[in-house]
$ cat upload33.csv   # CSV, C-alpha atoms and all ligand atoms
chain,number,residue,atom,x,y,z
A,1,MET,CA,20.7,-14.6,24.6
A,2,ILE,CA,17.4,-12.7,25.0
A,3,PRO,CA,14.9,-15.1,26.5
A,4,LEU,CA,12.1,-16.1,24.1
A,5,ALA,CA,9.4,-14.3,26.1
A,6,THR,CA,11.4,-11.0,25.8
A,7,LEU,CA,12.1,-11.6,22.1
A,8,SER,CA,8.5,-11.8,21.3
A,9,THR,CA,7.9,-8.4,22.8
A,10,LEU,CA,10.8,-7.2,20.6
A,11,HIS,CA,9.3,-8.9,17.5
A,12,TYR,CA,9.4,-6.1,15.2
A,13,GLN,CA,7.7,-5.0,12.1
A,14,LEU,CA,9.0,-2.4,9.7
A,15,SER,CA,6.0,-2.0,7.5
A,16,THR,CA,4.9,0.5,5.0
A,17,ILE,CA,2.0,0.7,2.7
A,18,ASN,CA,2.7,1.9,-0.8
A,19,TYR,CA,1.1,0.5,-3.9
A,20,TYR,CA,3.2,-2.7,-3.7
A,21,ASN,CA,1.9,-3.1,-0.1
A,22,ILE,CA,5.2,-4.4,1.0
A,23,VAL,CA,5.6,-5.5,4.6
A,24,PHE,CA,9.1,-6.0,5.8
A,25,ILE,CA,9.8,-7.9,9.0
A,26,PHE,CA,13.0,-8.0,11.0
A,27,LYS,CA,13.4,-10.1,14.1
A,28,ASN,CA,14.8,-7.1,15.8
A,29,PRO,CA,15.7,-3.5,14.8
A,30,VAL,CA,19.6,-3.8,15.1
A,31,LEU,CA,21.3,-4.2,11.8
A,32,VAL,CA,24.9,-3.8,10.6
A,33,ALA,CA,25.7,-1.0,8.1
A,34,SER,CA,27.1,-1.5,4.6
A,35,GLY,CA,30.9,-1.4,4.3
A,36,THR,CA,31.6,-2.0,8.0
A,37,PHE,CA,30.9,-5.7,8.2
A,38,GLY,CA,32.5,-7.1,5.0
A,39,TYR,CA,30.3,-9.9,3.6
A,40,ALA,CA,29.7,-11.2,7.2
A,41,ARG,CA,32.0,-14.3,6.9
A,42,GLU,CA,34.8,-12.1,8.2
A,43,MET,CA,32.8,-11.7,11.5
A,44,GLU,CA,32.0,-15.4,11.9
A,45,GLY,CA,33.2,-16.6,15.3
A,46,VAL,CA,33.3,-13.0,16.6
A,47,LEU,CA,29.6,-12.8,17.3
A,48,ASP,CA,26.4,-14.9,16.7
A,49,LEU,CA,25.3,-13.5,13.4
A,50,SER,CA,21.8,-15.0,13.8
A,51,ARG,CA,21.2,-12.5,16.6
A,52,LEU,CA,21.3,-9.6,14.2
A,53,GLY,CA,18.1,-8.0,12.8
A,54,GLY,CA,19.8,-7.8,9.4
A,55,ILE,CA,23.0,-7.7,7.5
A,56,ILE,CA,23.8,-5.1,4.8
A,57,PRO,CA,27.0,-6.3,3.1
A,58,LYS,CA,29.4,-4.0,1.4
A,59,THR,CA,27.9,-2.2,-1.6
A,60,VAL,CA,28.2,-3.9,-4.9
A,61,THR,CA,28.2,-2.3,-8.3
A,62,LEU,CA,27.3,-3.9,-11.7
A,63,TYR,CA,30.9,-4.4,-12.6
A,64,PRO,CA,34.0,-4.9,-10.4
A,65,ARG,CA,35.7,-1.8,-9.1
A,66,THR,CA,39.3,-1.5,-7.8
A,67,GLY,CA,38.5,1.5,-5.5
A,68,ASN,CA,40.6,4.5,-4.6
A,69,ILE,CA,44.3,4.8,-4.1
A,70,PRO,CA,45.7,4.2,-0.6
A,71,PRO,CA,45.8,5.3,2.1
A,72,ARG,CA,42.1,4.7,2.3
A,73,THR,CA,41.4,5.4,6.0
A,74,ALA,CA,42.6,7.9,8.5
A,75,GLU,CA,41.7,8.1,12.2
A,76,THR,CA,40.4,11.6,13.3
A,77,ALA,CA,39.1,12.9,16.7
A,78,SER,CA,36.1,10.7,17.5
A,79,GLY,CA,35.9,9.6,13.9
A,80,LEU,CA,37.1,7.7,10.9
A,81,LEU,CA,37.7,9.3,7.5
A,82,ASN,CA,37.6,6.8,4.6
A,83,SER,CA,37.8,6.9,0.9
A,84,ILE,CA,37.4,3.2,-0.1
A,85,GLY,CA,35.8,4.2,-3.5
A,86,LEU,CA,33.4,1.2,-3.6
A,87,ASP,CA,36.1,-1.4,-4.0
A,88,ASN,CA,34.1,-4.6,-4.9
A,89,ASP,CA,34.0,-7.5,-7.2
A,90,GLY,CA,30.6,-6.8,-8.8
A,91,ILE,CA,27.1,-8.2,-8.4
A,92,ASP,CA,27.8,-11.5,-10.3
A,93,ASP,CA,30.6,-12.3,-7.9
A,94,PHE,CA,28.4,-11.4,-5.0
A,95,ILE,CA,25.6,-13.7,-6.2
A,96,CYS,CA,28.0,-16.6,-6.9
A,97,ASN,CA,30.5,-16.3,-4.1
A,98,LYS,CA,29.1,-14.3,-1.2
A,99,LEU,CA,25.3,-14.8,-1.2
A,100,PRO,CA,25.4,-18.6,-0.7
A,101,TYR,CA,27.1,-18.1,2.7
A,102,LEU,CA,24.9,-15.1,3.7
A,103,LYS,CA,21.8,-17.3,2.9
A,104,THR,CA,22.8,-19.8,5.5
A,105,LEU,CA,22.6,-17.1,8.3
A,106,ASN,CA,19.3,-16.9,10.1
A,107,THR,CA,18.9,-13.2,9.5
A,108,LYS,CA,17.7,-10.8,6.8
A,109,ILE,CA,20.1,-10.0,4.0
A,110,ILE,CA,19.8,-6.6,2.5
A,111,LEU,CA,21.7,-6.2,-0.7
A,112,SER,CA,23.4,-2.7,-1.0
A,113,ILE,CA,23.8,-1.7,-4.6
A,114,ALA,CA,25.1,1.5,-6.3
A,115,PRO,CA,23.8,1.8,-9.9
A,116,LYS,CA,25.8,4.3,-11.9
A,117,ASN,CA,22.8,5.4,-13.9
A,118,THR,CA,19.2,4.5,-14.6
A,119,GLU,CA,20.2,2.3,-17.5
A,120,GLU,CA,21.9,-0.1,-15.1
A,121,CYS,CA,18.7,-0.6,-13.0
A,122,PRO,CA,16.9,-3.2,-15.3
A,123,VAL,CA,20.2,-5.2,-15.4
A,124,PHE,CA,20.4,-5.2,-11.6
A,125,GLY,CA,16.7,-6.1,-11.6
A,126,GLU,CA,17.2,-9.1,-13.9
A,127,LYS,CA,20.1,-10.4,-11.7
A,128,LEU,CA,18.1,-10.0,-8.5
A,129,GLY,CA,15.2,-11.8,-10.1
A,130,LEU,CA,17.4,-14.9,-10.6
A,131,ALA,CA,19.1,-14.8,-7.2
A,132,ALA,CA,17.1,-16.2,-4.3
A,133,GLY,CA,17.9,-15.3,-0.7
A,134,ILE,CA,18.0,-11.5,-0.8
A,135,ASP,CA,15.3,-10.1,1.5
A,136,ALA,CA,15.6,-6.4,0.5
A,137,VAL,CA,17.6,-3.9,-1.4
A,138,GLU,CA,19.3,-0.8,-0.2
A,139,LEU,CA,20.1,1.7,-2.9
A,140,ASN,CA,23.3,3.5,-2.0
A,141,LEU,CA,22.8,6.9,-3.7
A,142,SER,CA,25.2,8.6,-1.3
A,143,CYS,CA,28.8,7.4,-1.5
A,144,PRO,CA,30.9,10.6,-1.4
A,145,ASN,CA,33.9,8.9,-2.8
A,146,VAL,CA,32.5,8.0,-6.2
A,147,SER,CA,31.5,10.4,-8.9
A,148,GLY,CA,28.1,9.6,-10.3
A,149,GLY,CA,26.8,8.1,-7.1
A,150,VAL,CA,26.5,11.2,-5.0
A,151,ASP,CA,24.6,13.2,-7.6
A,152,PHE,CA,21.5,11.0,-7.1
A,153,ALA,CA,21.3,11.9,-3.4
A,154,THR,CA,22.0,15.6,-3.9
A,155,ASP,CA,19.4,16.3,-6.6
A,156,PRO,CA,15.9,15.4,-5.5
A,157,LYS,CA,14.7,15.1,-9.1
A,158,LEU,CA,17.5,12.6,-9.9
A,159,CYS,CA,16.8,10.8,-6.7
A,160,GLU,CA,13.2,10.3,-7.5
A,161,LYS,CA,14.1,9.2,-11.0
A,162,ILE,CA,16.5,6.5,-10.0
A,163,VAL,CA,14.3,5.2,-7.2
A,164,SER,CA,11.2,5.0,-9.4
A,165,THR,CA,13.2,3.3,-12.1
A,166,PHE,CA,14.5,0.8,-9.7
A,167,ARG,CA,11.1,0.4,-8.1
A,168,ARG,CA,9.8,-0.9,-11.4
A,169,VAL,CA,12.4,-3.6,-11.8
A,170,THR,CA,12.0,-5.4,-8.4
A,171,LEU,CA,9.3,-6.4,-6.0
A,172,LEU,CA,11.8,-6.6,-3.1
A,173,PRO,CA,11.4,-4.0,-0.3
A,174,LEU,CA,13.5,-1.0,-1.3
A,175,LEU,CA,15.5,1.1,1.2
A,176,VAL,CA,17.2,4.3,-0.1
A,177,LYS,CA,20.3,5.4,1.7
A,178,LEU,CA,20.8,9.2,1.7
A,179,SER,CA,23.7,11.6,2.0
A,180,PRO,CA,24.0,14.2,4.7
A,181,ASN,CA,26.1,16.3,2.3
A,182,VAL,CA,23.0,18.3,1.1
A,183,THR,CA,21.3,21.5,2.1
A,184,ASN,CA,18.0,19.8,2.8
A,185,ILE,CA,17.9,16.1,3.4
A,186,ALA,CA,14.1,16.1,3.8
A,187,ASP,CA,13.8,17.0,0.1
A,188,ALA,CA,15.8,14.0,-0.9
A,189,ALA,CA,13.7,11.8,1.5
A,190,ARG,CA,10.5,13.0,0.1
A,191,ALA,CA,11.8,12.4,-3.5
A,192,ALA,CA,12.7,8.8,-2.5
A,193,GLU,CA,9.3,8.2,-1.0
A,194,GLN,CA,7.7,9.6,-4.0
A,195,GLY,CA,9.8,7.3,-6.2
A,196,GLY,CA,8.4,4.2,-4.2
A,197,ALA,CA,11.0,3.7,-1.5
A,198,ASN,CA,9.8,1.5,1.5
A,199,GLY,CA,12.3,3.0,3.9
A,200,ILE,CA,15.1,5.6,4.2
A,201,SER,CA,18.5,4.8,5.6
A,202,ALA,CA,20.3,7.8,6.9
A,203,ILE,CA,23.0,8.8,7.0
A,204,ASN,CA,26.0,7.9,4.9
A,205,THR,CA,29.3,9.5,5.8
A,206,CYS,CA,29.9,13.3,6.0
A,207,LEU,CA,32.4,14.7,3.4
A,208,GLY,CA,35.6,15.6,5.2
A,209,LEU,CA,39.3,16.2,4.8
A,210,ALA,CA,42.3,15.2,7.0
A,211,VAL,CA,45.6,16.9,6.4
A,212,ASP,CA,49.3,16.2,7.2
A,213,TRP,CA,50.6,19.8,7.5
A,214,ARG,CA,54.3,18.7,7.6
A,215,LYS,CA,54.0,17.0,4.3
A,216,ARG,CA,51.4,19.5,3.0
A,217,CYS,CA,49.2,16.7,1.7
A,218,PRO,CA,45.9,15.1,2.5
A,219,ARG,CA,46.1,12.0,4.7
A,220,LEU,CA,43.9,10.0,2.3
A,221,GLY,CA,45.2,9.1,-1.2
A,222,ASN,CA,42.0,10.4,-2.7
A,223,GLY,CA,42.1,13.7,-0.9
A,224,PHE,CA,38.6,14.1,0.5
A,225,GLY,CA,36.9,11.3,2.3
A,226,GLY,CA,33.7,10.3,4.3
A,227,LEU,CA,33.7,10.9,8.1
A,228,SER,CA,31.9,8.3,10.3
A,229,GLY,CA,31.8,7.3,13.9
A,230,PRO,CA,30.8,9.1,17.1
A,231,ALA,CA,31.8,12.5,15.6
A,232,ILE,CA,28.8,12.4,13.2
A,233,LYS,CA,26.1,11.2,15.6
A,234,PRO,CA,24.6,14.7,16.2
A,235,ILE,CA,24.4,15.3,12.4
A,236,ALA,CA,22.8,11.9,12.0
A,237,LEU,CA,20.2,12.6,14.7
A,238,ARG,CA,19.4,15.9,13.1
A,239,CYS,CA,18.9,14.2,9.7
A,240,VAL,CA,16.7,11.4,11.1
A,241,ARG,CA,14.5,14.0,12.8
A,242,GLN,CA,14.1,16.0,9.6
A,243,ILE,CA,13.3,12.9,7.6
A,244,PHE,CA,10.9,11.5,10.2
A,245,LYS,CA,8.9,14.8,10.0
A,246,ALA,CA,9.0,14.8,6.2
A,247,VAL,CA,7.9,11.2,5.2
A,248,LYS,CA,5.6,8.5,6.2
A,249,ILE,CA,7.9,5.6,5.5
A,250,PRO,CA,10.2,4.2,8.2
A,251,VAL,CA,13.7,5.7,8.8
A,252,LEU,CA,16.7,3.5,9.6
A,253,GLY,CA,19.1,5.6,11.7
A,254,ILE,CA,22.8,5.3,11.0
A,255,GLY,CA,25.8,7.4,12.3
A,256,GLY,CA,28.0,7.0,15.3
A,257,ILE,CA,25.9,4.4,17.0
A,258,GLU,CA,27.7,2.1,19.5
A,259,THR,CA,25.7,1.9,22.7
A,260,ILE,CA,22.1,1.3,23.9
A,261,ASP,CA,21.9,5.0,24.8
A,262,ASP,CA,22.8,5.9,21.2
A,263,VAL,CA,20.1,3.5,19.9
A,264,MET,CA,17.4,4.8,22.2
A,265,GLU,CA,18.3,8.4,21.2
A,266,PHE,CA,17.7,7.4,17.5
A,267,PHE,CA,14.4,5.6,18.3
A,268,ILE,CA,13.1,8.7,20.2
A,269,THR,CA,14.2,10.9,17.4
A,270,GLY,CA,12.3,9.0,14.8
A,271,ALA,CA,14.3,5.9,13.7
A,272,SER,CA,12.4,2.6,13.4
A,273,ALA,CA,15.6,0.6,13.2
A,274,VAL,CA,19.3,1.3,13.5
A,275,GLN,CA,22.4,0.3,11.6
A,276,ILE,CA,25.7,-0.1,13.4
A,277,GLY,CA,28.7,1.0,11.3
A,278,THR,CA,32.2,2.1,12.4
A,279,ALA,CA,31.6,0.7,15.9
A,280,ASN,CA,31.9,-2.8,14.4
A,281,PHE,CA,35.6,-2.0,13.8
A,282,TYR,CA,36.5,-1.1,17.4
A,283,ASN,CA,33.8,-2.9,19.3
A,284,PRO,CA,32.8,-5.9,17.1
A,285,THR,CA,30.2,-7.1,19.6
A,286,ALA,CA,28.5,-3.7,20.0
A,287,THR,CA,25.3,-5.1,18.3
A,288,ILE,CA,25.0,-7.9,20.7
A,289,GLN,CA,25.6,-5.6,23.7
A,290,ILE,CA,22.8,-3.4,22.4
A,291,LEU,CA,20.4,-6.3,21.9
A,292,ASP,CA,21.0,-7.5,25.4
A,293,ALA,CA,20.4,-4.1,26.8
A,294,LEU,CA,17.3,-3.2,24.8
A,295,PRO,CA,14.5,-4.9,26.9
A,296,ASN,CA,15.6,-3.0,30.0
A,297,ALA,CA,15.9,0.3,28.2
A,298,LEU,CA,12.4,-0.1,26.9
A,299,LYS,CA,11.2,-1.0,30.4
A,300,GLU,CA,12.8,2.2,31.7
A,301,LEU,CA,10.5,4.2,29.4
A,302,GLY,CA,7.5,2.0,30.4
A,303,ALA,CA,7.3,0.7,26.8
A,304,GLU,CA,6.5,-2.8,25.7
A,305,ASN,CA,7.8,-2.4,22.2
A,306,ILE,CA,9.8,-0.1,20.1
A,307,ALA,CA,6.8,1.2,18.1
A,308,GLU,CA,5.6,2.9,21.3
A,309,ILE,CA,8.6,5.2,21.5
A,310,ILE,CA,9.6,5.9,17.9
A,311,GLY,CA,9.7,9.7,17.3
A,312,THR,CA,8.4,10.6,20.7
A,313,LEU,CA,11.1,13.3,21.2
A,314,GLU,CA,9.5,16.5,22.6
A,315,MET,CA,10.6,19.0,20.1
B,401,LIG,C1,35.2,1.9,5.9
B,401,LIG,C2,33.8,2.3,5.5
B,401,LIG,C3,33.3,1.8,4.3
B,401,LIG,C4,31.9,2.1,4.0
B,401,LIG,N1,31.4,1.6,2.8
B,401,LIG,C5,30.1,1.8,2.6
B,401,LIG,C6,29.5,1.1,1.4
B,401,LIG,O1,30.1,0.4,0.7
B,401,LIG,N2,28.2,1.4,1.2
B,401,LIG,C7,27.4,2.2,2.0
B,401,LIG,O2,26.2,2.4,1.7
B,401,LIG,N3,28.0,2.8,3.1
B,401,LIG,C8,29.3,2.6,3.4
B,401,LIG,N4,29.8,3.2,4.5
B,401,LIG,C9,29.0,4.1,5.3
B,401,LIG,C10,28.4,3.3,6.5
B,401,LIG,O3,27.5,2.3,6.1
B,401,LIG,C11,27.6,4.3,7.4
B,401,LIG,O4,26.5,4.8,6.7
B,401,LIG,C12,28.5,5.5,7.9
B,401,LIG,O5,29.8,5.0,8.2
B,401,LIG,C13,27.9,6.1,9.1
B,401,LIG,O6,27.7,5.2,10.2
B,401,LIG,P1,28.8,5.0,11.4
B,401,LIG,O7,29.1,6.4,11.9
B,401,LIG,O8,28.1,4.1,12.4
B,401,LIG,O9,29.9,4.3,10.7
B,401,LIG,C14,31.2,2.9,4.9
B,401,LIG,C15,31.7,3.4,6.0
B,401,LIG,C16,33.0,3.1,6.4
B,401,LIG,C17,33.6,3.6,7.7
$ encode --input "upload33.csv" --output "structure tokens"
Amino acid sequence: MIPLATLSTLHYQLSTINYYNIVFIFKNPVLVASGTFGYAREMEGVLDLSRLGGIIPKTVTLYPRTGNIPPRTAETASGLLNSIGLDNDGIDDFICNKLPYLKTLNTKIILSIAPKNTEECPVFGEKLGLAAGIDAVELNLSCPNVSGGVDFATDPKLCEKIVSTFRRVTLLPLLVKLSPNVTNIADAARAAEQGGANGISAINTCLGLAVDWRKRCPRLGNGFGGLSGPAIKPIALRCVRQIFKAVKIPVLGIGGIETIDDVMEFFITGASAVQIGTANFYNPTATIQILDALPNALKELGAENIAEIIGTLEM
């Protein structure tokens, strides 16, 4: 455990001023990324969930989805290729069967949702209005395995439209998760900010392909998939830097993060918080190791809190 005195220096505010004047406070800036931590109950007993700054459960859609045909994952050099296809039981099931457990955890719960179109936004909004215990929403506009979803992140106009539509149906803090599979991620970030986002989560997976040459077929049932893990960290750092320079709202860095060194690289580059993804699969206590190491890493830079170092990369 981090001693209380140290915790208070880590006390951490991800705040942004837009016309809703929403202030979003995490107890610390280390969160777990959607799709890599189940609905948290799966990790009970493996680590103290109350230590986490926040949990972003697997993305839910309005209606249940069966996902893509298997195999859905393939290991690659320093990475994992996946094509899950947003397999989930829908938002009603989430609210009835998953949220009650998540609410008992002493950490922020950020609901990840993937609306298919703008028409679904008010329906999501209504359901959120009736469900207590969700602290924020992350709009997943960037799943490369689902047609419909990726379009929002690749076209800035569509991105702004869906964000502003969603902005009108909830007062919850709104994060927008972007795709690296675009020519200019800064344009998408600006569009999300313009639409009323309170923060940008970056990045989702990078579109890739793994091949079995003997069988002359892709290694994933769906063909293409999304690459994650250490292999994508340089891409994620590049994206975070570009977004940090383009918008005023905070950036949550994601992509290949496992160690305290990775986390510090993201803070210096411009992230205000981080999400740990694929590392949860091969090092399920990575988040705790990072939290334990954070005070000393800050001390090494002569900093008392994270705010002092965010974006201080000389570049
Ligand atoms: C198996 C798997 C499932 C994922 N499912 C989701 C998802 O449902 N929603 C989402 O926004 N991102 C999802 N992601 C993307 C991660 O949240 C994260 O953005 C990405 O993997 C990059 O981070 P990492 O390299 O630390 O894993 C998934 C990633 C993996 C590996």
$ closest_atom_pairs --input "upload33.csv" --of "chain A" --to "ligand LIG 401 (chain B)" --cutoff "7 Å" --atoms "all atoms listed in the file" --output "Markdown table"
| residue | atom | partner | partner_atom | distance |
| --- | --- | --- | --- | --- |
| A:Ala33 | CA | B:LIG401 | O3 | 4.3 |
| A:Ser34 | CA | B:LIG401 | O3 | 4.1 |
| A:Gly35 | CA | B:LIG401 | N1 | 3.4 |
| A:Thr36 | CA | B:LIG401 | C2 | 5.4 |
| A:Lys58 | CA | B:LIG401 | O1 | 4.5 |
| A:Thr59 | CA | B:LIG401 | O1 | 4.1 |
| A:Leu80 | CA | B:LIG401 | C17 | 6.3 |
| A:Asn82 | CA | B:LIG401 | C1 | 5.6 |
| A:Ile84 | CA | B:LIG401 | C3 | 6.2 |
| A:Leu86 | CA | B:LIG401 | O1 | 5.5 |
| A:Ser112 | CA | B:LIG401 | O2 | 6.4 |
| A:Asn140 | CA | B:LIG401 | O2 | 4.8 |
| A:Ser142 | CA | B:LIG401 | O2 | 7.0 |
| A:Cys143 | CA | B:LIG401 | C7 | 6.4 |
| A:Lys177 | CA | B:LIG401 | O2 | 6.6 |
| A:Ala202 | CA | B:LIG401 | O4 | 6.9 |
| A:Ile203 | CA | B:LIG401 | O4 | 5.3 |
| A:Asn204 | CA | B:LIG401 | O4 | 3.6 |
| A:Thr205 | CA | B:LIG401 | C12 | 4.6 |
| A:Ser228 | CA | B:LIG401 | O7 | 3.7 |
| A:Gly229 | CA | B:LIG401 | O7 | 3.5 |
| A:Pro230 | CA | B:LIG401 | O7 | 6.1 |
| A:Ile232 | CA | B:LIG401 | O7 | 6.1 |
| A:Lys233 | CA | B:LIG401 | O7 | 6.8 |
| A:Ile254 | CA | B:LIG401 | O6 | 5.0 |
| A:Gly255 | CA | B:LIG401 | O7 | 3.5 |
| A:Gly256 | CA | B:LIG401 | O7 | 3.6 |
| A:Ile257 | CA | B:LIG401 | O8 | 5.1 |
| A:Gln275 | CA | B:LIG401 | O8 | 6.9 |
| A:Ile276 | CA | B:LIG401 | O8 | 4.9 |
| A:Gly277 | CA | B:LIG401 | O8 | 3.3 |
| A:Thr278 | CA | B:LIG401 | O9 | 3.6 |
| A:Ala279 | CA | B:LIG401 | O8 | 6.0 |
$ atom_distance --input "upload33.csv" --atom1 "CA of Thr118 (chain A)" --atom2 "CA of Ile69 (chain A)"
27.2 Å
$ closest_residue --input "upload33.csv" --among "A:Ile95, A:Ile243, A:Ile309, A:Leu31" --to "Thr107 (chain A)" --atoms "all atoms listed in the file"
A:Leu31
$ closest_residue --input "upload33.csv" --among "A:Cys217, A:Gly208, A:Asp262, A:Ala114" --to "Leu178 (chain A)" --atoms "only C-alpha atoms"
A:Ala114
$ closest_residue --input "upload33.csv" --among "A:Ile310, A:Ile55, A:Val251, A:Ile185" --to "Lys108 (chain A)" --atoms "all atoms listed in the file"
A:Ile55
$ closest_residue --input "upload33.csv" --among "A:Gly195, A:Leu291, A:Ala246, A:Thr104" --to "Asp261 (chain A)" --atoms "only C-alpha atoms"
A:Leu291
$ closest_residue --input "upload33.csv" --among "A:Ile113, A:Leu62, A:Val163, A:Leu171" --to "Ala189 (chain A)" --atoms "all atoms listed in the file"
A:Val163
$ closest_residue --input "upload33.csv" --among "A:Thr285, A:Gln242, A:Thr61, A:Thr76" --to "Lys127 (chain A)" --atoms "only C-alpha atoms"
A:Thr61
$ residues_near_point --input "upload33.csv" --point "(19.6, -18.8, 6.4)" --cutoff "12 Å" --atoms "all atoms listed in the file" --output "JSON, numbers by chain"
{"A": [49, 50, 54, 55, 99, 100, 101, 102, 103, 104, 105, 106, 107, 108, 109, 132, 133, 134, 135]}
$ axis_aligned_box --input "upload33.csv" --around "region 175-192 of chain A" --padding-each-side "8 Å" --output "AutoDock Vina command-line options"
--center_x 18.3 --center_y 11.3 --center_z 0.6 --size_x 31.6 --size_y 36.4 --size_z 24.2
$ residues_around --input "upload33.csv" --residues "Cys159 (chain A)" --least-positions-apart "6" --cutoff "10 Å" --atoms "all atoms listed in the file" --output "compact mmCIF listing (two decimals) with C-alpha atoms, keeping the file's coordinate frame"
# COMPACT_ATOMS: atom_id res chain seq x y z
CA LEU A 141 22.80 6.90 -3.70
CA VAL A 150 26.50 11.20 -5.00
CA ASP A 151 24.60 13.20 -7.60
CA PHE A 152 21.50 11.00 -7.10
CA ALA A 153 21.30 11.90 -3.40
CA THR A 165 13.20 3.30 -12.10
CA VAL A 176 17.20 4.30 -0.10
CA LEU A 178 20.80 9.20 1.70
CA ASP A 187 13.80 17.00 0.10
CA ALA A 188 15.80 14.00 -0.90
CA ALA A 189 13.70 11.80 1.50
CA ARG A 190 10.50 13.00 0.10
CA ALA A 191 11.80 12.40 -3.50
CA ALA A 192 12.70 8.80 -2.50
CA GLU A 193 9.30 8.20 -1.00
CA GLN A 194 7.70 9.60 -4.00
CA GLY A 195 9.80 7.30 -6.20
$ atom_distance --input "upload33.csv" --atom1 "CA of Ile25 (chain A)" --atom2 "CA of Thr312 (chain A)"
21.9 Å
$ residues_near_point --input "upload33.csv" --point "(36.3, 9.1, 0.6)" --cutoff "7 Å" --atoms "only C-alpha atoms" --output "list in words"
Asn82, Ser83, Ile84, Gly85, Pro144, Asn145, Asn222, Phe224, Gly225 and Gly226 of chain A
$ write_last_selection --input "upload33.csv" --atoms "C-alpha atoms" --output "mmCIF file, in the frame of the given file"
data_model
loop_
_atom_site.group_PDB
_atom_site.id
_atom_site.type_symbol
_atom_site.label_atom_id
_atom_site.label_comp_id
_atom_site.auth_asym_id
_atom_site.auth_seq_id
_atom_site.Cartn_x
_atom_site.Cartn_y
_atom_site.Cartn_z
ATOM 1 C CA ASN A 82 37.600 6.800 4.600
ATOM 2 C CA SER A 83 37.800 6.900 0.900
ATOM 3 C CA ILE A 84 37.400 3.200 -0.100
ATOM 4 C CA GLY A 85 35.800 4.200 -3.500
ATOM 5 C CA PRO A 144 30.900 10.600 -1.400
ATOM 6 C CA ASN A 145 33.900 8.900 -2.800
ATOM 7 C CA ASN A 222 42.000 10.400 -2.700
ATOM 8 C CA PHE A 224 38.600 14.100 0.500
ATOM 9 C CA GLY A 225 36.900 11.300 2.300
ATOM 10 C CA GLY A 226 33.700 10.300 4.300
#
$ atom_distance --input "upload33.csv" --atom1 "CA of Lys245 (chain A)" --atom2 "CA of Leu52 (chain A)"
27.7 Å
$ decode --input "upload33.csv" --residues "region 98-114 of chain A" --atoms "C-alpha atoms" --output "short mmCIF file (atom, residue, chain, number, x, y, z; two decimals), in the first residue's frame"
data_model
loop_
_atom_site.label_atom_id
_atom_site.label_comp_id
_atom_site.auth_asym_id
_atom_site.auth_seq_id
_atom_site.Cartn_x
_atom_site.Cartn_y
_atom_site.Cartn_z
CA LYS A 98 -22.46 -6.20 -13.85
CA LEU A 99 -22.89 -2.70 -12.42
CA PRO A 100 -24.11 -3.81 -8.95
CA TYR A 101 -20.75 -5.54 -8.34
CA LEU A 102 -18.69 -2.72 -9.89
CA LYS A 103 -20.47 -0.21 -7.61
CA THR A 104 -19.18 -2.02 -4.53
CA LEU A 105 -15.55 -1.32 -5.55
CA ASN A 106 -13.99 1.79 -4.11
CA THR A 107 -12.88 3.20 -7.46
CA LYS A 108 -14.28 5.14 -10.42
CA ILE A 109 -16.34 3.18 -12.91
CA ILE A 110 -16.17 4.47 -16.46
CA LEU A 111 -18.72 2.89 -18.73
CA SER A 112 -17.42 2.18 -22.23
CA ILE A 113 -20.12 2.28 -24.86
CA ALA A 114 -20.20 1.99 -28.65
#
